[in-house]
Amino acid sequence: MRYLTAGESHGPQLTTILEGVPAGLELTTEMINSELVRRQKGYGRGRRMQIEKDQVQILSGVRHGFTLGAPITLVVQNNDFKHWTKIMGADPISAEEQEEVKRKLTRPRPGHADLNGALKYGHRDMRNVLERSSARETTVRVAAGAVAKCILGELGIKVGGHVMEIGGVKAEKIDYHSIEELQEITEASPVRCLDKEAGEKMMRAIDKAKEDGDSIGGIVEVIVEGMPIGVGSYVQYDRKLEAKLAAAVMSINAFKGVEIGIGFEAAEQPGSLVHDEILWDEENGYTRRTNNAGGFEGGMTTGMPIIIRGVMKPIPTLYKPLQSVDIDTKEPFKASIERSDSCAVPAASVVAESVVAWELAEAILEQFGHDRMDAIKENIKRHKEYTKNF
Ligand SMILES: Cc1cc2nc3c(=O)[nH]c(=O)nc-3n(C[C@H](O)[C@H](O)[C@H](O)COP(=O)(O)O)c2cc1C
Ligand SMILES: C=C(O[C@@H]1CC(C(=O)O)=C[C@@H](OP(=O)(O)O)[C@H]1O)C(=O)O
C-alpha cells in the first residue's frame with residue numbers, strides 16, 4: 001500500500017491517491033470525516049481552522065460503501081482558496097495583477113522551510129515554498145490514516161493517541177482501561193490530554209505564548225493494541241517496522257524526535273530492568289511481564305501494545321518575529337509574519353495516530369495479503385493460532 005499527497009495550503013484542494021487498499025473494506029465519507037474533525041479541534045490554533053470545515057470527497061475506488069481494490073482518490077477542498085484565487089492561480093497573471101496581489105515573501109522565518117526551500121528550488125518568492133511545506137498537507141495524511149484505521153479496525157487493531165506535554169507542562173500518568181476509554185477522555189479535552197488538571201495548565205501556557213507573540217511545542221504519544229506478533233522483520237534494515245514508524249512520525253511537520261517504549265530512559269537503566277520477561281499461558285500464548293520495548297524487538301512486533309512518542313518543536317511563525325535577512329536586499333529584517341497557530345500539538349497527535357496507522361496497515365497487508373479483506377482476516381486468524389501454540 002502506498003500514497004502520495006498533492007496540493008498547496010491556499011490552493012483549491014488537497015488530494016491523495018491511495019494505492020493497494022484491499023477490496024471489500026467498508027469505507028464511507030463519514031468514517032474519514034470523523035478523523036478530519038478530530039484534527040481540526042485542538043486548542044491553540046489560529047484563525048485558519050475557523051475558515052476550514054474539512055470534509056472529504058471520495059472520488060474513486062469506492063462503490064456503495066465498499067472499496068474496489070482500485071486506487072482511491074480523496075479530496076479535501078480549501079475553503080480559504082476563495083480569498084487566494086489571484087495569488088494562487090495556476091495561469092500566468094499580468095505585471096499589474098502581480099502588483100495588486102503582492103504577497104511576496106522575502107524574509108524567511110527561522111524554523112520554517114522558507115530559506116532552505118527557496119535556495120533549493122530557486123524561488124525568490126518564498127510563498128512558493130510555504131504553500132507546500134505547510135502542515136495543511138496533514139489534512140489528507142489524516143484522511144489516508146482514516147482508511148488505514150478502517151483496515152486495522154476490521155482486524156481488531158485499535159489506535160489511540162494523547163498529548164503528554166505542552167510548553168513544559170507535563171501530564172501525570174493516568175491509567176485507562178481500553179483505547180476506547182482513552183479516546184473518550186482525550187476527545188473531551190481541548191488539548192487531547194488524559195490529565196485534566198495538566199490539560200488546564202497546558203491551555204494557560206498556550207494562552208500565555210499567544211499573548212507573548214510566541215509559540216510552544218510538546219510531546220504526543222500513540223498507542224496501538226491488537227497487533228499480531230512478528231509483523232515487520234529483522235532480516236533487512238529497511239524491513240524493520242519500528243524504523244518505518246519512527247520515519248513516519250518524524251515526517252510530520254515540526255517533529256524532531258521519536259521514542260519507542262521507554263525510549264531514551266533505557267540509557268539509564270540496567271538490562272535486568274529494561275528487558276521484558278517472557279510469559280506463556282494457554283489463553284493468551286506468549287506475552288510479556290512488562291512492555292518497556294513498546295511493542296518491538298528486532299524490528300518486529302512482540303504482540304504487546306505499540307507505544308511511540310514524538311516531540312514537536314514550537315511553531316516557527318512568531319508574531320514577535322526573530323531576526324532574519326531580506327533575500328532581495330540582504331538587509332537584516334525581522335522574519336515575515338504569516339497568520340499562524342500558537343500551538344498545534346493536539347492536532348499533531350491526531351496526525352501522529354494517522355501516520356502510525358498507515359505504516360501498520362501497510363505492514364499487515366505486506367505480510368497477510370493485499371487483495372481481499374476477508375482473506376486477510378482469515379490469514380491473521382490462522383497466524384494468531386500458530387503463534388499462540390508455537
Ligand atoms: C498540525 C500542524 C500545524 C502547524 N501550524 C503551523 C503554523 O500555523 N505556523 C507555522 O509556522 N508552522 C506550523 N506548523 C509547523 C510547520 O509546518 C513546520 O515547522 C515547517 O513545515 C518546517 O518543517 P520542520 O519543522 O519539520 O523542519 C504546523 C505543524 C503541524 C503538524
Ligand atoms: C491550515 C492548516 O495549518 C496551517 C499550517 C501552517 C504551517 O505553516 O505549517 C500554517 C497555517 O496556515 P495559515 O497561514 O493558512 O493559517 C496553519 O493554519 C491545517 O492544519 O489545516
# chains A, B, ... in the order shown; residues from 1 in each chain; ligands from 1

$ select_by_dssp --residues "segment 137-368 of chain A" --states "helix (DSSP H, G or I)" --output "PDB file with C-alpha atoms, in the first residue's frame"
ATOM      1  CA  GLU A 137      -0.956  18.858   3.914  1.00  0.00           C
ATOM      2  CA  THR A 138      -1.516  16.785   7.047  1.00  0.00           C
ATOM      3  CA  THR A 139      -5.262  17.016   6.327  1.00  0.00           C
ATOM      4  CA  VAL A 140      -5.013  14.377   3.624  1.00  0.00           C
ATOM      5  CA  ARG A 141      -2.477  12.371   5.579  1.00  0.00           C
ATOM      6  CA  VAL A 142      -5.187  12.085   8.225  1.00  0.00           C
ATOM      7  CA  ALA A 143      -7.677  11.086   5.504  1.00  0.00           C
ATOM      8  CA  ALA A 144      -5.266   8.337   4.384  1.00  0.00           C
ATOM      9  CA  GLY A 145      -4.765   7.363   8.024  1.00  0.00           C
ATOM     10  CA  ALA A 146      -8.531   7.095   8.459  1.00  0.00           C
ATOM     11  CA  VAL A 147      -8.612   4.457   5.712  1.00  0.00           C
ATOM     12  CA  ALA A 148      -5.719   2.639   7.412  1.00  0.00           C
ATOM     13  CA  LYS A 149      -7.627   2.776  10.703  1.00  0.00           C
ATOM     14  CA  CYS A 150     -10.624   1.169   8.997  1.00  0.00           C
ATOM     15  CA  ILE A 151      -8.404  -1.690   7.796  1.00  0.00           C
ATOM     16  CA  LEU A 152      -6.871  -2.125  11.251  1.00  0.00           C
ATOM     17  CA  GLY A 153     -10.271  -1.799  12.948  1.00  0.00           C
ATOM     18  CA  GLU A 154     -11.676  -4.721  10.947  1.00  0.00           C
ATOM     19  CA  ILE A 179      -8.247   2.505  23.762  1.00  0.00           C
ATOM     20  CA  GLU A 180     -11.951   3.457  23.614  1.00  0.00           C
ATOM     21  CA  GLU A 181     -11.748   4.939  27.102  1.00  0.00           C
ATOM     22  CA  LEU A 182      -8.527   6.769  26.228  1.00  0.00           C
ATOM     23  CA  GLN A 183     -10.212   8.247  23.170  1.00  0.00           C
ATOM     24  CA  GLU A 184     -13.327   9.219  25.108  1.00  0.00           C
ATOM     25  CA  ILE A 185     -11.292  11.169  27.682  1.00  0.00           C
ATOM     26  CA  THR A 186      -8.995  12.872  25.160  1.00  0.00           C
ATOM     27  CA  GLU A 187     -11.923  13.769  22.895  1.00  0.00           C
ATOM     28  CA  LYS A 196      -7.500  17.134  33.273  1.00  0.00           C
ATOM     29  CA  GLU A 197      -5.520  19.369  35.606  1.00  0.00           C
ATOM     30  CA  ALA A 198      -2.430  19.359  33.416  1.00  0.00           C
ATOM     31  CA  GLY A 199      -4.711  19.977  30.408  1.00  0.00           C
ATOM     32  CA  GLU A 200      -5.950  23.209  32.010  1.00  0.00           C
ATOM     33  CA  LYS A 201      -2.363  24.303  32.655  1.00  0.00           C
ATOM     34  CA  MET A 202      -1.443  23.483  29.066  1.00  0.00           C
ATOM     35  CA  MET A 203      -4.237  25.754  27.838  1.00  0.00           C
ATOM     36  CA  ARG A 204      -2.982  28.590  30.050  1.00  0.00           C
ATOM     37  CA  ALA A 205       0.547  28.011  28.703  1.00  0.00           C
ATOM     38  CA  ILE A 206      -0.821  28.290  25.166  1.00  0.00           C
ATOM     39  CA  ASP A 207      -2.710  31.496  26.070  1.00  0.00           C
ATOM     40  CA  LYS A 208       0.470  32.943  27.539  1.00  0.00           C
ATOM     41  CA  ALA A 209       2.549  32.037  24.467  1.00  0.00           C
ATOM     42  CA  LYS A 210      -0.094  33.650  22.252  1.00  0.00           C
ATOM     43  CA  GLU A 211      -0.144  36.827  24.365  1.00  0.00           C
ATOM     44  CA  TYR A 237      17.401  -2.789   7.640  1.00  0.00           C
ATOM     45  CA  ASP A 238      14.583  -1.421   5.542  1.00  0.00           C
ATOM     46  CA  ARG A 239      12.108  -4.032   6.739  1.00  0.00           C
ATOM     47  CA  LEU A 241       8.864  -1.893  11.264  1.00  0.00           C
ATOM     48  CA  GLU A 242       9.828   0.288  14.220  1.00  0.00           C
ATOM     49  CA  ALA A 243      12.197   2.220  11.929  1.00  0.00           C
ATOM     50  CA  LYS A 244       9.338   2.798   9.491  1.00  0.00           C
ATOM     51  CA  LEU A 245       7.134   4.063  12.309  1.00  0.00           C
ATOM     52  CA  ALA A 246       9.870   6.395  13.528  1.00  0.00           C
ATOM     53  CA  ALA A 247      10.329   7.786   9.995  1.00  0.00           C
ATOM     54  CA  ALA A 248       6.577   8.273   9.627  1.00  0.00           C
ATOM     55  CA  VAL A 249       6.348  10.246  12.883  1.00  0.00           C
ATOM     56  CA  MET A 250       9.474  12.252  12.027  1.00  0.00           C
ATOM     57  CA  GLY A 263      12.990   5.175  24.681  1.00  0.00           C
ATOM     58  CA  PHE A 264      15.844   7.360  25.923  1.00  0.00           C
ATOM     59  CA  GLU A 265      15.257   6.245  29.508  1.00  0.00           C
ATOM     60  CA  ALA A 266      16.765   2.862  28.540  1.00  0.00           C
ATOM     61  CA  ALA A 267      20.198   4.533  28.602  1.00  0.00           C
ATOM     62  CA  GLU A 268      19.927   4.980  32.374  1.00  0.00           C
ATOM     63  CA  GLY A 271      19.277  -4.662  31.178  1.00  0.00           C
ATOM     64  CA  SER A 272      17.628  -6.511  34.052  1.00  0.00           C
ATOM     65  CA  LEU A 273      15.183  -3.611  34.445  1.00  0.00           C
ATOM     66  CA  VAL A 274      14.775  -2.803  30.775  1.00  0.00           C
ATOM     67  CA  VAL A 345       0.435  19.767  19.420  1.00  0.00           C
ATOM     68  CA  PRO A 346      -3.173  18.499  19.966  1.00  0.00           C
ATOM     69  CA  ALA A 347      -3.809  18.476  16.200  1.00  0.00           C
ATOM     70  CA  ALA A 348      -0.431  16.852  15.615  1.00  0.00           C
ATOM     71  CA  SER A 349      -1.349  13.997  17.960  1.00  0.00           C
ATOM     72  CA  VAL A 350      -4.154  13.078  15.534  1.00  0.00           C
ATOM     73  CA  VAL A 351      -1.700  13.285  12.635  1.00  0.00           C
ATOM     74  CA  ALA A 352       0.689  11.012  14.559  1.00  0.00           C
ATOM     75  CA  GLU A 353      -2.067   8.426  15.063  1.00  0.00           C
ATOM     76  CA  SER A 354      -2.792   8.586  11.336  1.00  0.00           C
ATOM     77  CA  VAL A 355       0.747   8.099  10.059  1.00  0.00           C
ATOM     78  CA  VAL A 356       1.338   5.263  12.525  1.00  0.00           C
ATOM     79  CA  ALA A 357      -1.924   3.608  11.437  1.00  0.00           C
ATOM     80  CA  TRP A 358      -0.853   3.832   7.802  1.00  0.00           C
ATOM     81  CA  GLU A 359       2.550   2.171   8.399  1.00  0.00           C
ATOM     82  CA  LEU A 360       0.985  -0.612  10.449  1.00  0.00           C
ATOM     83  CA  ALA A 361      -1.774  -1.281   7.931  1.00  0.00           C
ATOM     84  CA  GLU A 362       0.810  -1.394   5.155  1.00  0.00           C
ATOM     85  CA  ALA A 363       2.961  -3.861   7.141  1.00  0.00           C
ATOM     86  CA  ILE A 364      -0.079  -6.037   7.865  1.00  0.00           C
ATOM     87  CA  LEU A 365      -1.029  -6.200   4.199  1.00  0.00           C
ATOM     88  CA  GLU A 366       2.533  -6.961   3.147  1.00  0.00           C
ATOM     89  CA  GLN A 367       2.516  -9.960   5.452  1.00  0.00           C
ATOM     90  CA  PHE A 368      -1.072 -11.195   5.230  1.00  0.00           C
TER      91      PHE A 368
END

$ residues_near_ligand --ligand "ligand 1" --cutoff "10 Å" --atoms "only C-alpha atoms and all ligand atoms" --output "ChimeraX atom specification"
/A:39-40,42,44-49,109-114,116-117,129-139,215,217,250-256,312-318,337-352

$ select_by_dssp --residues "segment 198-336 of chain A" --states "strand (DSSP E)" --output "number ranges by chain"
A: 218-225, 255-260, 278-281, 285-288, 296-297, 300-301, 306-312, 323-325, 332-334

$ write_last_selection --atoms "C-alpha atoms" --output "mmCIF file, in the first residue's frame"
data_model
loop_
_atom_site.group_PDB
_atom_site.id
_atom_site.type_symbol
_atom_site.label_atom_id
_atom_site.label_comp_id
_atom_site.auth_asym_id
_atom_site.auth_seq_id
_atom_site.Cartn_x
_atom_site.Cartn_y
_atom_site.Cartn_z
ATOM 1 C CA GLY A 218 5.183 19.385 23.176
ATOM 2 C CA ILE A 219 5.080 15.597 23.209
ATOM 3 C CA VAL A 220 2.417 13.252 21.850
ATOM 4 C CA GLU A 221 2.025 9.510 22.346
ATOM 5 C CA VAL A 222 0.387 6.923 20.093
ATOM 6 C CA ILE A 223 -0.699 3.527 21.424
ATOM 7 C CA VAL A 224 -1.737 0.581 19.281
ATOM 8 C CA GLU A 225 -3.334 -2.563 20.674
ATOM 9 C CA PHE A 255 8.551 16.751 14.697
ATOM 10 C CA LYS A 256 12.116 16.500 15.937
ATOM 11 C CA GLY A 257 12.396 13.241 17.839
ATOM 12 C CA VAL A 258 10.814 9.843 18.417
ATOM 13 C CA GLU A 259 10.881 7.370 21.295
ATOM 14 C CA ILE A 260 9.571 3.817 21.327
ATOM 15 C CA ILE A 278 8.582 -13.647 28.513
ATOM 16 C CA LEU A 279 5.479 -15.489 29.749
ATOM 17 C CA TRP A 280 3.184 -18.097 28.202
ATOM 18 C CA ASP A 281 -0.323 -19.225 29.080
ATOM 19 C CA GLY A 285 0.055 -17.616 24.243
ATOM 20 C CA TYR A 286 3.277 -15.583 24.547
ATOM 21 C CA THR A 287 3.063 -12.300 26.479
ATOM 22 C CA ARG A 288 5.468 -10.080 28.427
ATOM 23 C CA PHE A 296 9.025 -4.092 19.286
ATOM 24 C CA GLU A 297 12.020 -6.398 19.342
ATOM 25 C CA MET A 300 9.143 -6.934 14.695
ATOM 26 C CA THR A 301 6.044 -6.624 16.821
ATOM 27 C CA ILE A 306 2.935 -0.397 20.469
ATOM 28 C CA ILE A 307 3.918 2.789 22.277
ATOM 29 C CA ILE A 308 5.539 5.555 20.292
ATOM 30 C CA ARG A 309 6.101 9.184 21.249
ATOM 31 C CA GLY A 310 7.072 12.162 19.157
ATOM 32 C CA VAL A 311 8.303 15.609 20.125
ATOM 33 C CA MET A 312 7.055 18.658 18.269
ATOM 34 C CA GLN A 323 15.892 38.137 13.290
ATOM 35 C CA SER A 324 16.162 37.298 9.616
ATOM 36 C CA VAL A 325 17.514 38.712 6.347
ATOM 37 C CA PRO A 332 18.700 42.471 8.332
ATOM 38 C CA PHE A 333 14.950 42.373 8.960
ATOM 39 C CA LYS A 334 12.546 40.683 11.310
#

$ residues_around --residues "segment 53-58 of chain A" --least-positions-apart "2" --cutoff "7 Å" --atoms "only C-alpha atoms" --output "compact mmCIF listing (two decimals) with C-alpha atoms, in the first residue's frame"
# COMPACT_ATOMS: atom_id res chain seq x y z
CA THR A 29 -17.22 9.59 3.72
CA ILE A 32 -13.00 9.70 7.09
CA ASN A 33 -14.70 12.96 8.11
CA LEU A 36 -10.71 15.15 9.88
CA VAL A 37 -12.85 16.80 12.55
CA ILE A 51 -12.37 29.11 7.94
CA SER A 60 -12.60 6.83 -6.94
CA THR A 73 -8.79 9.29 -4.63
CA LEU A 74 -9.58 11.52 -1.67
CA VAL A 75 -10.01 15.27 -1.97
CA VAL A 76 -10.43 17.96 0.68

$ closest_residue --among "A:Phe66, A:Tyr319, A:Phe81, A:Tyr43" --to "Gly7 of chain A" --atoms "only C-alpha atoms"
A:Phe81
